[in-house]
Every structure is written in structure tokens, then in C-alpha cells.
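Structure first, then comments.
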Amino acid sequence: MRPAALWRHAGARPESAAAPLMRAPYRVVVITGASSGLGAALALSYAGPQAVLGLIGRSAERLAATAARCRDSGASVESAQIDVADGAGLATWLEGFDEAHPVELLIANAGISAGPDPGSPGEPAAITLRQLDINLAGAVHTIAPLVPLLCARGRGRIVAIASVAAYRGLPYSPGYCASKAGLRAYGEALRPLLSPYGVGVTVVCPGFFESPMTDRWEGPTPFLASGERAARRIKRGIDRGCSRINFPWPLVLGMRFCDLAPAWVGDRIMRGFHFHIRSA
Ligand SMILES: NC(=O)c1ccc[n+]([C@@H]2O[C@H](COP(=O)([O-])OP(=O)(O)OC[C@H]3O[C@@H](n4cnc5c(N)ncnc54)[C@H](OP(=O)(O)O)[C@@H]3O)[C@@H](O)[C@H]2O)c1
């Protein structure tokens, strides 16, 4: 089906092969996983007197803390305790929020990480599938309901927070890598699909940064950045309208090398790392 037919029900029409994409400043911003780490730091960085923020997370207490700090910066905030794996609940909230405040920037950030126990030959299926449910299906549940609405208005930007783990499967986190590789591919696929409608897509593949998630990781975390620095780097890229934000470059290069090199080379390098993700 041609793009024009795809979106007819939403009243959207593709502008041209290169419709002008919306740029910063973004006033209405929705962020999942805003109760902690990167999501909370991004929420604060977009908070200001003109901002209307929709913040989603699971922990009521942490979400309220982020919302209070954003309100202190002058932002108007609506927060919602929703599990991103609950597609129907999330769609209802997103559509209601968008009706009241047409969304300009949507950041699918919520995520979890896990991995096999040390010495165990594999990752239990339930752990792999939970990461796919939250990191991949959860991001799809976040993005898909708003796509027709953004396209109908012909403006807005969608951001998918993947990881450098999207570039190459790592033996200590099969489910995490699979979920992030899927999210990266989903975002890359949406970009050329949505740009004719004037909607931009940014795929973010960061390396290690400090956060409650990283606190559970035991092993080398090369080029570890502070959470604030990572958020600043990501916001700068989003506001410039970047299609991709990948950092730090030595880690990105290393991961891409492991993917492009013969499998045995990458496998040998990966086996040299000993890493364990403690369960939450
Ligand atoms: N930390 C790193 O080095 C690193 C590197 C690359 C990519 N990333 C990615 O960056 C994103 C943010 O990670 P972070 O390091 O900031 O981790 P974090 O501090 O653990 O934050 C994760 C956020 O996701 C939310 N979340 C988790 N499961 C959820 C669910 N089912 N429904 C709704 N919200 C859920 C959490 O909410 P509650 O706390 O309320 O449950 C929390 O707000 C993740 O997608 C992560 O994979 C992190």
C-alpha cells in the first residue's frame, strides 16, 4: 500500500520526499521511564515555563519526585503510572494527553536490563521475553498510537532510546541486545516512512552512563559518562534534529567492528569480557 493510502484514515498526506521537519524548541514533550536515570534527566532538561510534560513510569514515588522538580522549573506536568507493556492502557493515556496537548516530542526511553546468572549456560526465556516486552514492544506501544496523530499534523519528532548493545549481541545480555537491536531497526525503518509527513525520527545508541540501571552492572563499563552528561548529549542531538545519536565513538566503533568482522573474531573479543547484570 502507498504511504498516502496508509494514512488516509488519519487525514494525513505526505508532503513531499523531503518535508521540513520540526526542530527545537519542543514545548509538549512525552517521556517514558521518566521516574529515574536518563528519562528523569531528559524531563528536567525540557522543563521550563512554556513546557507541558507528559511523564510515564511505574514508581509513583519516583515519578512524583521528577514531576515536582520539573514543576519547580515552571513546567506544567501530567504524570501517569503505566507499565509500557500494557499497550491498551498506554494508548488510551497517550491519545487523551495528545488531545489536550498536541505532542511535539515523544521519547521512548523506558527500559530494563538483565542477563544470565554467572556460570549459567543461558538466559531463562522468561527474562529474555520480559526485556523484549518492555524494551521493544513497550517502545512500539509508546510510538505507534501517536504516529498517525503526528503525521496528520505534519509535525513532531519521535526518539527511540536503544543502546550500543543494538550493534552486536553480547553474551552477558542476550535478551537486552535483542530488544535494543529490534528497537534500533524499528526506529531506522520509521524514519524514511515518516519524513514525508514532516515527522522526524531520532535513534539513540548510547554507551554506558551512570544510572540506577548501571548500578546493577558488575564488570567493565568503558567510557562511562555521568547521567547528566549523557542527557545533555542526547538533548543536543534531538534539538539539532539528528537522525542518529551514537556515543562514545570508540565504543561505537568497537561494537561495529565486532559486528562486521568474521564471527569468530567478535566472539573471541566478547568472551574476554566478564560482566554480570544483577537482578533488580
Ligand atoms: N545506563 C546505561 O548505561 C544505558 C546505556 C544504553 C542505553 N540505556 C537505555 O537508556 C534507557 C534509560 O535507562 P537508565 O539507565 O536511565 O535506567 P533506569 O534508571 O533504570 O531507568 C529506567 C526507567 O524505565 C522505567 N521503566 C522500566 N520498566 C518499565 C515499564 N515496564 N513501564 C514503564 N516504565 C518502565 C523505569 O521506571 P520505574 O523506575 O518507575 O520502574 C525508569 O524510569 C533504557 O532504555 C536503557 O536501556 C542505558
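By order in the C-alpha cells, chains are A, B, ...; within a chain, residues start at 1; ligands start at 1, following the order shown.
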
- All residues 10 Å or closer to range 164-169 of chain A, only C-alpha atoms, same chain fewer than 6 positions away omitted, as a ChimeraX atom specification: /A:175-185,204-208,246-248,251-260,266-267,270

Residues as selected, N, CA and C atoms, written as a compact mmCIF listing (two decimals), in the first residue's frame, can you do that?
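Result written to again_21.txt:
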# COMPACT_ATOMS: atom_id res chain seq x y z
N GLY A 175 18.89 -11.11 25.82
CA GLY A 175 17.56 -10.50 25.66
C GLY A 175 17.65 -9.00 25.51
N TYR A 176 18.54 -8.37 26.29
CA TYR A 176 18.69 -6.91 26.21
C TYR A 176 19.15 -6.52 24.81
N CYS A 177 20.19 -7.22 24.31
CA CYS A 177 20.73 -6.89 22.98
C CYS A 177 19.67 -7.10 21.90
N ALA A 178 18.91 -8.19 22.02
CA ALA A 178 17.87 -8.46 21.02
C ALA A 178 16.82 -7.34 21.04
N SER A 179 16.45 -6.90 22.25
CA SER A 179 15.41 -5.86 22.35
C SER A 179 15.92 -4.55 21.77
N LYS A 180 17.18 -4.22 22.02
CA LYS A 180 17.71 -2.94 21.54
C LYS A 180 17.99 -2.98 20.04
N ALA A 181 18.43 -4.15 19.54
CA ALA A 181 18.63 -4.28 18.08
C ALA A 181 17.28 -4.12 17.37
N GLY A 182 16.24 -4.71 17.96
CA GLY A 182 14.90 -4.59 17.37
C GLY A 182 14.42 -3.14 17.39
N LEU A 183 14.67 -2.46 18.50
CA LEU A 183 14.22 -1.06 18.61
C LEU A 183 14.98 -0.17 17.63
N ARG A 184 16.28 -0.44 17.51
CA ARG A 184 17.07 0.36 16.56
C ARG A 184 16.51 0.17 15.13
N ALA A 185 16.26 -1.08 14.77
CA ALA A 185 15.75 -1.35 13.42
C ALA A 185 14.37 -0.72 13.22
N VAL A 204 18.73 6.64 19.16
CA VAL A 204 19.85 6.93 20.07
C VAL A 204 20.49 5.61 20.49
N CYS A 205 21.80 5.51 20.28
CA CYS A 205 22.55 4.32 20.72
C CYS A 205 23.68 4.77 21.64
N PRO A 206 23.37 4.96 22.92
CA PRO A 206 24.42 5.41 23.83
C PRO A 206 25.22 4.24 24.38
N GLY A 207 26.46 4.55 24.80
CA GLY A 207 27.25 3.60 25.57
C GLY A 207 26.87 3.73 27.04
N PHE A 208 27.81 3.38 27.91
CA PHE A 208 27.50 3.36 29.35
C PHE A 208 27.37 4.76 29.93
N ASN A 246 24.90 8.49 18.44
CA ASN A 246 25.68 7.33 18.89
C ASN A 246 26.91 7.84 19.63
N PHE A 247 27.16 7.37 20.82
CA PHE A 247 28.36 7.78 21.55
C PHE A 247 28.65 6.78 22.65
N PRO A 248 29.88 6.74 23.16
CA PRO A 248 31.08 7.42 22.71
C PRO A 248 31.65 6.70 21.49
N LEU A 251 33.61 3.26 21.52
CA LEU A 251 32.79 2.07 21.82
C LEU A 251 31.90 1.72 20.62
N VAL A 252 31.36 2.75 19.98
CA VAL A 252 30.51 2.52 18.80
C VAL A 252 31.35 1.83 17.72
N LEU A 253 32.56 2.35 17.52
CA LEU A 253 33.46 1.77 16.51
C LEU A 253 33.79 0.32 16.86
N GLY A 254 34.10 0.07 18.14
CA GLY A 254 34.45 -1.29 18.58
C GLY A 254 33.30 -2.26 18.37
N MET A 255 32.09 -1.82 18.69
CA MET A 255 30.92 -2.69 18.53
C MET A 255 30.65 -2.96 17.05
N ARG A 256 30.81 -1.92 16.23
CA ARG A 256 30.57 -2.10 14.80
C ARG A 256 31.65 -3.00 14.18
N PHE A 257 32.87 -2.87 14.70
CA PHE A 257 33.94 -3.74 14.21
C PHE A 257 33.59 -5.20 14.53
N CYS A 258 33.14 -5.45 15.78
CA CYS A 258 32.80 -6.83 16.18
C CYS A 258 31.67 -7.38 15.32
N ASP A 259 30.79 -6.51 14.86
CA ASP A 259 29.69 -6.97 14.01
C ASP A 259 30.16 -7.26 12.59
N LEU A 260 31.06 -6.42 12.07
CA LEU A 260 31.48 -6.57 10.68
C LEU A 260 32.58 -7.61 10.51
N GLY A 266 34.82 -11.50 16.59
CA GLY A 266 33.94 -10.83 17.56
C GLY A 266 33.65 -11.72 18.75
N ASP A 267 33.44 -13.01 18.51
CA ASP A 267 33.14 -13.94 19.61
C ASP A 267 34.30 -14.00 20.59
N MET A 270 34.38 -10.87 22.66
CA MET A 270 33.27 -10.85 23.63
C MET A 270 33.54 -11.80 24.79

- Task: Would you list, as a PyMOL selection string, the residues of range 150-270 of chain A that end up in helix (DSSP H, G or I) under DSSP run on this structure's backbone?
- Result: chain A and resi 150-153+164-166+174-197+214-216+227-239+249-260+263-270

- Record the distance separating CA of Arg130 in chain A and atom 34 (N, counted along the ligand's line) of ligand 1, expressed in Å with one decimal.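 According to the coordinates, CA of Arg130 in chain A and atom 34 (N, counted along the ligand's line) of ligand 1 are separated by 12.5 Å.
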
- Item | Nearby residues (only C-alpha atoms) at most 8 Å from Ser79 in chain A, same-chain spacing under 4 positions excluded, as a ChimeraX atom specification | /A:53-56,63-64,67

Could you save those same residues with N, CA, C and O atoms as a tab-separated table (two decimals), in the first residue's frame?
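Output file again-v6.tsv is given in full below:
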chain	number	residue	atom	x	y	z
A	53	LEU	N	4.75	18.73	30.02
A	53	LEU	CA	5.41	17.42	30.00
A	53	LEU	C	4.43	16.31	30.37
A	53	LEU	O	3.66	16.44	31.33
A	54	GLY	N	4.48	15.23	29.62
A	54	GLY	CA	3.74	14.01	29.96
A	54	GLY	C	4.77	12.97	30.38
A	54	GLY	O	5.60	12.55	29.57
A	55	LEU	N	4.75	12.61	31.66
A	55	LEU	CA	5.80	11.73	32.20
A	55	LEU	C	5.21	10.39	32.60
A	55	LEU	O	4.22	10.33	33.35
A	56	ILE	N	5.84	9.31	32.13
A	56	ILE	CA	5.32	7.96	32.38
A	56	ILE	C	6.38	7.11	33.07
A	56	ILE	O	7.56	7.18	32.72
A	63	LEU	N	8.25	9.00	40.23
A	63	LEU	CA	7.61	9.82	39.19
A	63	LEU	C	7.20	11.17	39.78
A	63	LEU	O	7.40	12.23	39.17
A	64	ALA	N	6.64	11.13	41.01
A	64	ALA	CA	6.22	12.38	41.67
A	64	ALA	C	7.43	13.27	41.94
A	64	ALA	O	7.34	14.50	41.82
A	67	ALA	N	8.35	14.87	38.66
A	67	ALA	CA	7.32	15.86	38.30
A	67	ALA	C	7.49	17.13	39.14
A	67	ALA	O	7.41	18.25	38.62

- Query: For ligand 1, which residue among A:Ala125, A:Cys70, A:Leu193, A:Ala108 is the nearest when counting only C-alpha atoms and all ligand atoms?
  - Reply: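 Among the listed residues, A:Ala108 lies closest to ligand 1.
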
- Query: So which residues touch Val77 in chain A within 12 Å, counting only C-alpha atoms, skipping near sequence neighbours fewer than 5 positions away, as a ChimeraX atom specification?
  - Reply: /A:27-31,34,43-44,46-56,63-72,97,101

- Quick one: distance from CA of Ser73 in chain A to atom 48 (C, counted along the ligand's line) of ligand 1 in Å, one decimal?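 Between CA of Ser73 in chain A and atom 48 (C, counted along the ligand's line) of ligand 1 the gap is 25.2 Å.
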
- Task: Tell me which of A:Met213, A:Ala263, A:Ala225, A:Leu132 sits closest to ligand 1, counting only C-alpha atoms and all ligand atoms.
- Result: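 Of all the options, A:Met213 lies closest to ligand 1.
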
- Message: Please determine, counting only C-alpha atoms, which residue among A:Leu136, A:Phe223, A:Cys151, A:Gly156 has the shortest atom-to-atom distance to Gly187 in chain A.
- Response: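 The answer is A:Leu136, which sits nearest to Gly187 in chain A.
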
- Task: Give me the residues within 12 Å of Phe209 in chain A as a ChimeraX atom specification, counting only C-alpha atoms and dropping any in the same chain fewer than 5 places off.
- Result: /A:37-38,41,163-164,214-215,217,221-234,247-248

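Coordinates place CA of Glu61 in chain A at a distance of 22.6 Å from CA of Leu106 in chain A.
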
- Task: Mind listing the strand (DSSP E or B) residues of range 98-265 of chain A, per DSSP on the backbone, as a list in words?
- Result: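 Answer for range 98-265 of chain A, restricted to strand (DSSP E or B): Leu105, Leu106, Ile107, Ala108, Arg157, Ile158, Val159, Ala160, Ile161, Gly200, Val201, Thr202, Val203, Val204, Cys205, Pro206, Phe209, Trp217, Glu218, Ala225, Arg244, Ile245, Asn246 and Phe247 of chain A.
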
Would you mind exporting the chosen residues as an mmCIF file, in the first residue's frame, restricted to C-alpha atoms?
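This went into out_14.cif:
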data_model
loop_
_atom_site.group_PDB
_atom_site.id
_atom_site.type_symbol
_atom_site.label_atom_id
_atom_site.label_comp_id
_atom_site.auth_asym_id
_atom_site.auth_seq_id
_atom_site.Cartn_x
_atom_site.Cartn_y
_atom_site.Cartn_z
ATOM 1 C CA LEU A 105 8.390 15.353 21.016
ATOM 2 C CA LEU A 106 7.924 11.718 22.083
ATOM 3 C CA ILE A 107 10.825 9.935 23.780
ATOM 4 C CA ALA A 108 10.518 6.140 24.149
ATOM 5 C CA ARG A 157 9.749 14.131 16.481
ATOM 6 C CA ILE A 158 9.969 10.577 17.798
ATOM 7 C CA VAL A 159 13.041 9.435 19.729
ATOM 8 C CA ALA A 160 13.897 5.772 20.379
ATOM 9 C CA ILE A 161 16.453 5.167 23.139
ATOM 10 C CA GLY A 200 11.380 13.234 12.347
ATOM 11 C CA VAL A 201 12.817 10.124 13.994
ATOM 12 C CA THR A 202 15.988 10.037 16.102
ATOM 13 C CA VAL A 203 17.547 6.701 17.042
ATOM 14 C CA VAL A 204 19.846 6.926 20.065
ATOM 15 C CA CYS A 205 22.555 4.321 20.719
ATOM 16 C CA PRO A 206 24.425 5.405 23.832
ATOM 17 C CA PHE A 209 26.239 6.176 31.571
ATOM 18 C CA TRP A 217 26.048 -3.964 36.328
ATOM 19 C CA GLU A 218 29.202 -5.726 37.541
ATOM 20 C CA ALA A 225 29.604 9.083 31.315
ATOM 21 C CA ARG A 244 21.175 9.160 14.872
ATOM 22 C CA ILE A 245 22.921 9.855 18.168
ATOM 23 C CA ASN A 246 25.684 7.328 18.894
ATOM 24 C CA PHE A 247 28.362 7.779 21.551
#
